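Here is the structure we will look at.
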Amino acid sequence: MFDRSSAVIRDAKKLSFEYVPEKLVHREEQMRRLETLFKPMITDNLSCSAFLHGGVGTGKTATAKRFCEDVLKYCAGKNKQVGLIFINCRIRNTEHGVLIHLLRYFDSGFPDRGFSVEEMLRSLKRHMDEGSRPYVIVLDEVDVLLKNGTKDLMYQLTRFTDELRNSSVSLILISQEAVVEMLDTASLSSFKRANAIKFDKYTKNELKDIVILRAEEALVPNAMSIDVADLLADIGKGFGDARLVIEMLEKAANIAEERSGGKLMADDVRSANAMIYSNVSENKLANLDTKRKIALLAIARAIKGEPYVSITKVEKTYEVVCEEYGHPARKHTQFWTYVQDMEKMNLLETMVRSEPDGGRTTYISLPDIPPKELAKKLEYLLETPVSDDFVEF
Ligand SMILES: Nc1ncnc2c1ncn2[C@@H]1O[C@H](COP(=O)(O)OP(=O)(O)OP(=O)(O)O)[C@@H](O)[C@H]1O
């Protein structure tokens, strides 16, 4: 039953997005910046820091992990010890939780409760000093921690080295948001703005290279053609998110494996896209407030199977939809703001075209979600009232 040989997948572990490839593509600049910032730690055991920020799936975590692993390897070659502690602050999202994780690096049996923050900090300092080496603490998704009011811990960590005799503590903070503003002035003085490293969204060609690299590592040789990589990158380019493209590759490879066809085909990618996109869009749609849901429903209805629809036509439908849901219709400028917000979220696209009479008209298209499907989802959501906070992606 399980001994059937795989025609497509060679190493399933390497398809998960927790896996960090041996080689990263298109993050050379960020790796170089990290090397420059952390050189004083390697050469003189000094405390260093870096702040990695950028959108979802732009390779922040992978770059930090790759960099840290390279540092460990480099130092091992020079007989130098470095301690690396990686913390996902979405899981460890309190001061207490972070401290326990740090202490368990030294003492795996450290209890969950029974110690105050001060006692834990004292114990951590003792362990670190005994270790007599530089430590690197990576705080992934640190914005979650900062939003939970842990500025004091951040301050303590940025100043830890001052109280150690034999060791130093360096920090790598990772966040989608620019958290520097969330730090208090005291922590900011150690965490200089100049230490920020930006991760831009990936372009289509960059995503294509990432997918090819991952397929080389995880799939049977020649299981994926360049055209299929191109299709994956094309679907992902609106988001610039490597995570989404890797997830799609993984799903498509599994679909191809089940099909027993021996190769990953474009249709496997399309099926994977349909599965993933419906989750992504459902999430985004659910987070829209009522005003924007109504505006999007008007667009979905007005487009009627055409590739795009003029904004003037949409606004007429919008008035009808507002009436249907007993909602006041907003003026043109407000409606246009909704459209722009939703364009930023990749839910729609706008374009301006010159008309034969010399005027210019704005058109809206719905590139990925079939309008009928979208309208059905929105109608369902509008009948299921939820909180009306608008969440921008
Ligand atoms: N430049 C790259 N080269 C190869 N693989 C990459 C690259 N960038 C990202 N990846 C892969 O894409 C996936 C997502 O990347 P990663 O988790 O680093 O993104 P992130 O920016 O930390 O996202 P998030 O903010 O959502 O945590 C991982 O599997 C990672 O290995």
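Following the order of the structure tokens, first chain is A, next is B, and so on, with residues numbered from 1 inside each chain and ligands from 1 in the order they appear.
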- Could you give me, as a ChimeraX atom specification, every polymer residue with an atom at most 7 Å away from an atom of ligand 1, counting only C-alpha atoms and all ligand atoms? /A:16-21,23-27,54-63,141,175-176,210,213-214,242-243,246
- Query: Can you list, as a PyMOL selection string, every residue of stretch 141-341 of chain A that DSSP puts in alpha helix (DSSP H)?
  - Reply: chain A and resi 142-147+151-159+185-190+204-218+226-236+242-259+266-287+290-303+311-324+332-341
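The nearest approach to A:Ser47 among the residues A:Val136, A:Cys68, A:Ile299, A:Ile276, with only C-alpha atoms taken into account, belongs to A:Val136.
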- Task: Going by DSSP on the backbone, which bits of stretch 153-379 of chain A are strand (DSSP E or B)? Write them as a PyMOL selection string, please.
- Result: chain A and resi 168-175+196-199+219+224+264+308-310+349-354+360-365
Distance query A:Glu216 at most 12 Å, only C-alpha atoms, self and fewer than 5 positions along chain excluded, as a PDB file with N, CA and C atoms, in the first residue's frame:
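Produced file out_1.pdb, reproduced below:
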ATOM      1  N   VAL A   8       6.550  11.575  -8.689  1.00  0.00           N
ATOM      2  CA  VAL A   8       6.748  13.025  -8.750  1.00  0.00           C
ATOM      3  C   VAL A   8       7.553  13.547  -7.557  1.00  0.00           C
ATOM      4  N   ILE A   9       7.163  13.128  -6.334  1.00  0.00           N
ATOM      5  CA  ILE A   9       7.807  13.689  -5.138  1.00  0.00           C
ATOM      6  C   ILE A   9       8.987  12.809  -4.697  1.00  0.00           C
ATOM      7  N   ARG A  10      10.140  13.469  -4.527  1.00  0.00           N
ATOM      8  CA  ARG A  10      11.334  12.725  -4.092  1.00  0.00           C
ATOM      9  C   ARG A  10      11.510  12.870  -2.589  1.00  0.00           C
ATOM     10  N   ASP A  11      11.291  14.097  -2.073  1.00  0.00           N
ATOM     11  CA  ASP A  11      11.507  14.345  -0.654  1.00  0.00           C
ATOM     12  C   ASP A  11      10.415  15.304  -0.147  1.00  0.00           C
ATOM     13  N   LYS A  14      10.952  18.494   1.985  1.00  0.00           N
ATOM     14  CA  LYS A  14      11.493  19.694   1.350  1.00  0.00           C
ATOM     15  C   LYS A  14      10.421  20.515   0.633  1.00  0.00           C
ATOM     16  N   LEU A  15       9.190  20.011   0.650  1.00  0.00           N
ATOM     17  CA  LEU A  15       8.096  20.794   0.059  1.00  0.00           C
ATOM     18  C   LEU A  15       7.394  21.653   1.108  1.00  0.00           C
ATOM     19  N   PRO A  21      15.955  26.024   2.257  1.00  0.00           N
ATOM     20  CA  PRO A  21      16.868  25.452   1.261  1.00  0.00           C
ATOM     21  C   PRO A  21      18.322  25.803   1.569  1.00  0.00           C
ATOM     22  N   GLU A  22      19.218  24.927   1.118  1.00  0.00           N
ATOM     23  CA  GLU A  22      20.666  25.157   1.282  1.00  0.00           C
ATOM     24  C   GLU A  22      21.064  26.498   0.701  1.00  0.00           C
ATOM     25  N   LYS A  23      20.380  26.845  -0.399  1.00  0.00           N
ATOM     26  CA  LYS A  23      20.748  28.070  -1.096  1.00  0.00           C
ATOM     27  C   LYS A  23      19.488  28.913  -1.276  1.00  0.00           C
ATOM     28  N   ASP A 209      12.305  31.431 -10.123  1.00  0.00           N
ATOM     29  CA  ASP A 209      13.583  30.836  -9.696  1.00  0.00           C
ATOM     30  C   ASP A 209      13.425  30.086  -8.373  1.00  0.00           C
ATOM     31  N   ILE A 210      12.619  30.648  -7.466  1.00  0.00           N
ATOM     32  CA  ILE A 210      12.422  29.996  -6.156  1.00  0.00           C
ATOM     33  C   ILE A 210      11.733  28.639  -6.348  1.00  0.00           C
ATOM     34  N   VAL A 211      10.730  28.630  -7.225  1.00  0.00           N
ATOM     35  CA  VAL A 211       9.985  27.397  -7.479  1.00  0.00           C
ATOM     36  C   VAL A 211      10.881  26.354  -8.157  1.00  0.00           C
ATOM     37  N   PRO A 221      13.757  14.158 -10.638  1.00  0.00           N
ATOM     38  CA  PRO A 221      14.309  14.962 -11.731  1.00  0.00           C
ATOM     39  C   PRO A 221      13.360  15.036 -12.937  1.00  0.00           C
ATOM     40  N   ASN A 222      13.238  16.225 -13.485  1.00  0.00           N
ATOM     41  CA  ASN A 222      12.401  16.518 -14.657  1.00  0.00           C
ATOM     42  C   ASN A 222      10.898  16.325 -14.435  1.00  0.00           C
ATOM     43  N   ALA A 223      10.469  16.286 -13.179  1.00  0.00           N
ATOM     44  CA  ALA A 223       9.030  16.116 -12.929  1.00  0.00           C
ATOM     45  C   ALA A 223       8.254  17.398 -13.237  1.00  0.00           C
ATOM     46  N   MET A 224       8.969  18.530 -13.245  1.00  0.00           N
ATOM     47  CA  MET A 224       8.270  19.794 -13.525  1.00  0.00           C
ATOM     48  C   MET A 224       8.965  20.510 -14.687  1.00  0.00           C
ATOM     49  N   SER A 225       8.169  20.957 -15.654  1.00  0.00           N
ATOM     50  CA  SER A 225       8.772  21.680 -16.787  1.00  0.00           C
ATOM     51  C   SER A 225       8.898  23.164 -16.438  1.00  0.00           C
ATOM     52  N   ILE A 226       9.691  23.877 -17.228  1.00  0.00           N
ATOM     53  CA  ILE A 226       9.863  25.322 -17.023  1.00  0.00           C
ATOM     54  C   ILE A 226       8.509  26.029 -17.215  1.00  0.00           C
ATOM     55  N   ALA A 229       6.618  25.915 -14.065  1.00  0.00           N
ATOM     56  CA  ALA A 229       7.206  26.870 -13.100  1.00  0.00           C
ATOM     57  C   ALA A 229       6.732  28.276 -13.441  1.00  0.00           C
ATOM     58  N   LEU A 249       2.985  24.612  -5.137  1.00  0.00           N
ATOM     59  CA  LEU A 249       3.839  23.561  -5.704  1.00  0.00           C
ATOM     60  C   LEU A 249       3.593  22.251  -4.949  1.00  0.00           C
TER      61      LEU A 249
END
- Message: Need the shell around A:Asp143: protein/DNA/RNA residues with any atom at most 9 Å away, counting only C-alpha atoms. Skip same-chain ones fewer than 2 positions apart. Format as a list of chain:residue names?
- Response: A:Cys89, A:Arg90, A:Asp140, A:Glu141, A:Leu145, A:Leu146, A:Lys147, A:Asn148, A:Leu173, A:Ile174, A:Ser175, A:Gln176, A:Glu177, A:Ala178, A:Val179, A:Met182
- Best match for closeness to A:Glu383 among A:Asn205, A:Thr290, A:Ser116, A:Ser310, counting only C-alpha atoms: A:Thr290
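Residue neighbourhood of A:Leu164, excluding near-sequence residues (fewer than 4 positions): A:Lys125, A:Met128, A:Asp129, A:Phe160, A:Ser168, at 8 Å, using only C-alpha atoms.
Using only C-alpha atoms for every distance, the candidate list A:Met154, A:Phe239, A:Leu378, A:Leu139 yields A:Leu139 as the residue closest to A:Arg92.
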- Neighbour list for A:Thr362 as JSON, numbers by chain, cut-off 8 Å, only C-alpha atoms, skip fewer than 4 positions in-chain: {"A": [310, 311, 350, 351, 352, 353]}
- Message: Using only C-alpha atoms, can you tell me which of A:Ala329, A:Leu102, A:Val321, A:Leu296 comes closest to A:Glu343?
- Response: A:Leu296
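Atom CA of A:Asn79 sits 22.7 Å away from atom CA of A:Met31.
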- Item | Spatial neighbours of A:Ala50, 12 Å, only C-alpha atoms, chain gap at least 5 places, as a ChimeraX atom specification | /A:30-31,33-39,60,64,67,136-140,158,170-175,179-180,188,190-198
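If only C-alpha atoms are the atoms counted, then among A:Met275, A:Lys313, A:Leu52, A:Gly238 the closest residue to A:Glu349 is A:Gly238.
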